[in-house]
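Asker: I am sharing start_10.tsv, which consists of TSV, C-alpha atoms:
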chain	number	residue	atom	x	y	z
A	1	MET	CA	-1.45	15.96	7.78
A	2	ASP	CA	-1.72	13.40	10.56
A	3	TYR	CA	0.54	10.72	9.11
A	4	LEU	CA	-0.11	8.32	11.97
A	5	GLN	CA	-3.87	8.46	11.39
A	6	TRP	CA	-3.33	7.99	7.66
A	7	ILE	CA	-1.21	4.88	8.35
A	8	ALA	CA	-3.82	3.59	10.83
A	9	ASP	CA	-6.54	4.10	8.22
A	10	TYR	CA	-4.47	2.15	5.70
A	11	PHE	CA	-3.91	-0.72	8.13
A	12	GLU	CA	-7.66	-0.81	8.77
A	13	ALA	CA	-8.45	-0.74	5.04
A	14	VAL	CA	-6.27	-3.79	4.41
A	15	ASP	CA	-7.52	-5.47	7.61
A	16	LYS	CA	-3.99	-5.69	9.08
A	17	ARG	CA	-4.28	-7.30	12.51
A	18	CYS	CA	-1.88	-8.15	15.32
A	19	PHE	CA	-0.56	-11.65	14.78
A	20	VAL	CA	-0.72	-12.33	18.55
A	21	CYS	CA	-4.13	-11.05	19.69
A	22	GLY	CA	-5.91	-10.48	16.36
A	23	CYS	CA	-6.89	-6.87	17.10
A	24	LEU	CA	-6.80	-4.17	14.43
A	25	TYR	CA	-4.00	-1.65	14.72
A	26	LYS	CA	-5.24	1.76	15.93
A	27	ARG	CA	-3.69	5.20	15.72
A	28	GLU	CA	-2.22	4.60	19.19
A	29	SER	CA	-0.29	1.64	17.72
A	30	PHE	CA	1.98	3.96	15.73
A	31	THR	CA	4.80	6.14	17.03
A	32	LEU	CA	6.53	8.71	14.86
A	33	ARG	CA	10.27	8.06	15.26
A	34	GLY	CA	11.60	10.48	12.68
A	35	THR	CA	11.06	12.33	9.43
A	36	ASP	CA	13.21	12.76	6.36
A	37	HIS	CA	12.20	15.87	4.46
A	38	VAL	CA	14.64	15.11	1.65
A	39	THR	CA	12.91	11.83	0.74
A	40	ASN	CA	9.46	12.87	2.05
A	41	SER	CA	9.21	9.87	4.35
A	42	VAL	CA	8.57	9.13	7.99
A	43	VAL	CA	9.93	6.40	10.24
A	44	VAL	CA	7.14	4.80	12.27
A	45	GLY	CA	7.27	2.26	15.08
A	46	VAL	CA	4.36	-0.18	15.21
A	47	VAL	CA	3.20	-1.84	18.46
A	48	CYS	CA	-0.21	-3.39	19.07
A	49	ALA	CA	-2.16	-0.96	21.28
A	50	HIS	CA	-4.15	-3.87	22.72
A	51	CYS	CA	-1.51	-6.44	23.74
A	52	GLY	CA	1.77	-4.51	23.33
A	53	GLN	CA	3.28	-6.90	20.77
A	54	PRO	CA	5.77	-5.01	18.57
A	55	LEU	CA	5.32	-5.43	14.82
A	56	GLY	CA	8.42	-3.49	13.84
A	57	THR	CA	9.54	-0.26	12.23
A	58	ALA	CA	8.39	1.05	8.87
A	59	LEU	CA	9.73	3.69	6.50
A	60	VAL	CA	6.64	5.24	4.90
A	61	SER	CA	6.69	7.55	1.90
A	62	VAL	CA	4.41	10.53	2.48
A	63	LYS	CA	4.63	12.14	-0.93
A	64	GLN	CA	1.51	14.15	-1.43
A	65	SER	CA	-0.01	15.12	-4.74
A	66	PRO	CA	-3.26	16.89	-5.42
A	67	ALA	CA	-6.18	14.58	-6.07
A	68	PRO	CA	-7.15	14.63	-9.73
A	69	THR	CA	-10.56	16.07	-10.52
A	70	GLN	CA	-11.16	13.29	-13.02
A	71	PRO	CA	-9.55	9.89	-13.48
A	72	THR	CA	-6.10	10.26	-14.98
A	73	LYS	CA	-5.32	8.29	-18.11
A	74	ARG	CA	-1.95	6.61	-18.19
A	75	LYS	CA	-1.05	8.48	-21.37
A	76	ASP	CA	-0.99	11.66	-19.23
A	77	VAL	CA	1.90	10.25	-17.19
A	78	VAL	CA	5.36	9.49	-18.55
A	79	GLN	CA	6.26	5.86	-17.91
A	80	PRO	CA	10.00	5.58	-18.51
A	81	GLY	CA	10.13	1.76	-18.42
A	82	TRP	CA	7.37	1.25	-20.96
A	83	THR	CA	8.10	0.00	-24.45
A	84	LYS	CA	6.23	1.27	-27.49
A	85	ASN	CA	4.02	-1.83	-27.31
A	86	ASP	CA	3.30	-1.15	-23.59
A	87	ARG	CA	2.23	2.41	-24.38
A	88	LYS	CA	-0.06	1.18	-27.15
A	89	ARG	CA	-1.69	-1.50	-24.94
A	90	LEU	CA	-1.93	0.40	-21.66
A	91	SER	CA	-2.09	4.15	-22.28
A	92	ASP	CA	-5.87	4.41	-22.50
A	93	LEU	CA	-6.48	2.54	-19.24
A	94	PRO	CA	-7.19	4.56	-16.09
A	95	ALA	CA	-4.34	5.02	-13.61
A	96	ILE	CA	-4.16	2.63	-10.66
A	97	THR	CA	-5.70	4.16	-7.52
A	98	PHE	CA	-5.10	3.59	-3.80
A	99	ASP	CA	-8.39	1.66	-3.67
A	100	ASP	CA	-7.15	-0.62	-6.48
A	101	VAL	CA	-4.05	-1.44	-4.43
A	102	VAL	CA	-6.12	-2.14	-1.29
A	103	ASP	CA	-8.51	-4.36	-3.28
A	104	ALA	CA	-5.58	-6.29	-4.77
A	105	HIS	CA	-4.00	-6.75	-1.34
A	106	GLN	CA	-7.27	-8.06	0.09
A	107	PHE	CA	-7.65	-10.44	-2.85
A	108	PHE	CA	-4.11	-11.80	-2.54
A	109	SER	CA	-4.42	-12.20	1.23
A	110	THR	CA	-7.38	-14.59	0.69
A	111	LEU	CA	-5.41	-16.98	-1.55
A	112	GLY	CA	-3.75	-18.76	1.37
A	113	PRO	CA	-0.40	-20.54	1.53
A	114	ASP	CA	-1.06	-22.58	-1.62
A	115	TRP	CA	-1.38	-19.44	-3.78
A	116	SER	CA	0.92	-20.87	-6.45
A	117	LYS	CA	-1.83	-23.22	-7.65
A	118	HIS	CA	-3.50	-20.14	-9.17
A	119	LEU	CA	-0.54	-19.40	-11.47
A	120	PRO	CA	-0.66	-20.59	-15.07
A	121	LYS	CA	1.44	-23.65	-15.84
A	122	ALA	CA	4.76	-22.90	-17.51
A	123	LYS	CA	4.96	-23.75	-21.21
A	124	ARG	CA	7.80	-25.99	-22.25
In structure tokens, write the structure found in this file.

Answerer:
Amino acid sequence: MDYLQWIADYFEAVDKRCFVCGCLYKRESFTLRGTDHVTNSVVVGVVCAHCGQPLGTALVSVKQSPAPTQPTKRKDVVQPGWTKNDRKRLSDLPAITFDDVVDAHQFFSTLGPDWSKHLPKAKR
């Protein structure tokens, strides 16, 4: 698997851009600095391929699992932190997918700096 391309695809999916020049990060923006086979993760350096501005270093989990042939229900997966009430409320819902996470990230990134106005008021 080309981890650097996978990371570049993710950055593109969430529209992650260089904070200096505004360009999207490309595969050339990522440098593999190391791998840890025990934790199944890679250490990646990130530098804008357009202007050279460094973004930083990331530790990325690369755990792979086979894609399910049909949507997985949450009841098929053991959730150790769930209470009995959680299992009753949530077990028939489909599992969260990568696309769900990307969609949520895009939604939250549009809220702006005054995002807290969208939270419900605390009850006293």

Asker: Record the distance separating atom CA of A:Asp36 and atom CA of A:Leu24, expressed in Å with one decimal.

Answerer: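 If I compute the distance from atom CA of A:Asp36 to atom CA of A:Leu24, I get 27.4 Å.
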
Asker: Go through A:Asn85, A:Leu4, A:Val38, A:Val14 and flag the residue nearest A:Asp100, using all atoms listed in the file for the distances.

Answerer: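 Ranking A:Asn85, A:Leu4, A:Val38, A:Val14 by distance to A:Asp100, first place goes to A:Val14.
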
Asker: Smallest atom-to-atom distance to A:Thr31: which of A:Ala104, A:Asp99, A:Lys84, A:Ala8, using all atoms listed in the file?

Answerer: A:Ala8

Asker: Between A:Val46, A:Gly81, A:Glu12, A:Asp2, which has the minimum distance to A:Gln106 (counting all atoms listed in the file)?

Answerer: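 Between A:Val46, A:Gly81, A:Glu12, A:Asp2, the residue approaching A:Gln106 most closely is A:Glu12.
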
Asker: With all atoms listed in the file as the basis for distance, which of A:Val102, A:Leu90, A:Leu32, A:Cys48 is at the shortest distance from A:Gln5?

Answerer: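 Comparing A:Val102, A:Leu90, A:Leu32, A:Cys48 against A:Gln5, the winner is A:Leu32.
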
Asker: Report, in Å to a single decimal, how far apart atom CA of A:Val43 and atom CA of A:Ser61 are.

Answerer: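 Between these atoms lies a distance of 9.0 Å.
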
Asker: Identify, on the basis of all atoms listed in the file, every residue whose closest approach to A:Asn40 does not exceed 10 Å; exclude the query and any residue fewer than 2 positions from it along the same chain; express the result as a count of residues only.

Answerer: 10

Asker: Under the rule that all atoms listed in the file are counted, which of A:Lys16, A:Lys26, A:His118, A:Arg33 is the nearest residue to A:Gly52?

Answerer: A:Lys26

Asker: How many Å separate atom CA of A:Phe19 from atom CA of A:Ala58?

Answerer: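 Between atom CA of A:Phe19 and atom CA of A:Ala58 the gap works out to 16.6 Å.
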
Asker: Every residue with an atom at most 8 Å from (-3.5, -1.4, 22.0) (file coordinates; only C-alpha atoms) is what I'm after, so could you write them as a ChimeraX atom specification?

Answerer: /A:25-26,28-29,47-52

Asker: Measuring atom to atom with all atoms listed in the file, identify which of A:Asp92, A:Gly34, A:Thr83, A:Lys121 is nearest to A:Leu59.

Answerer: A:Gly34
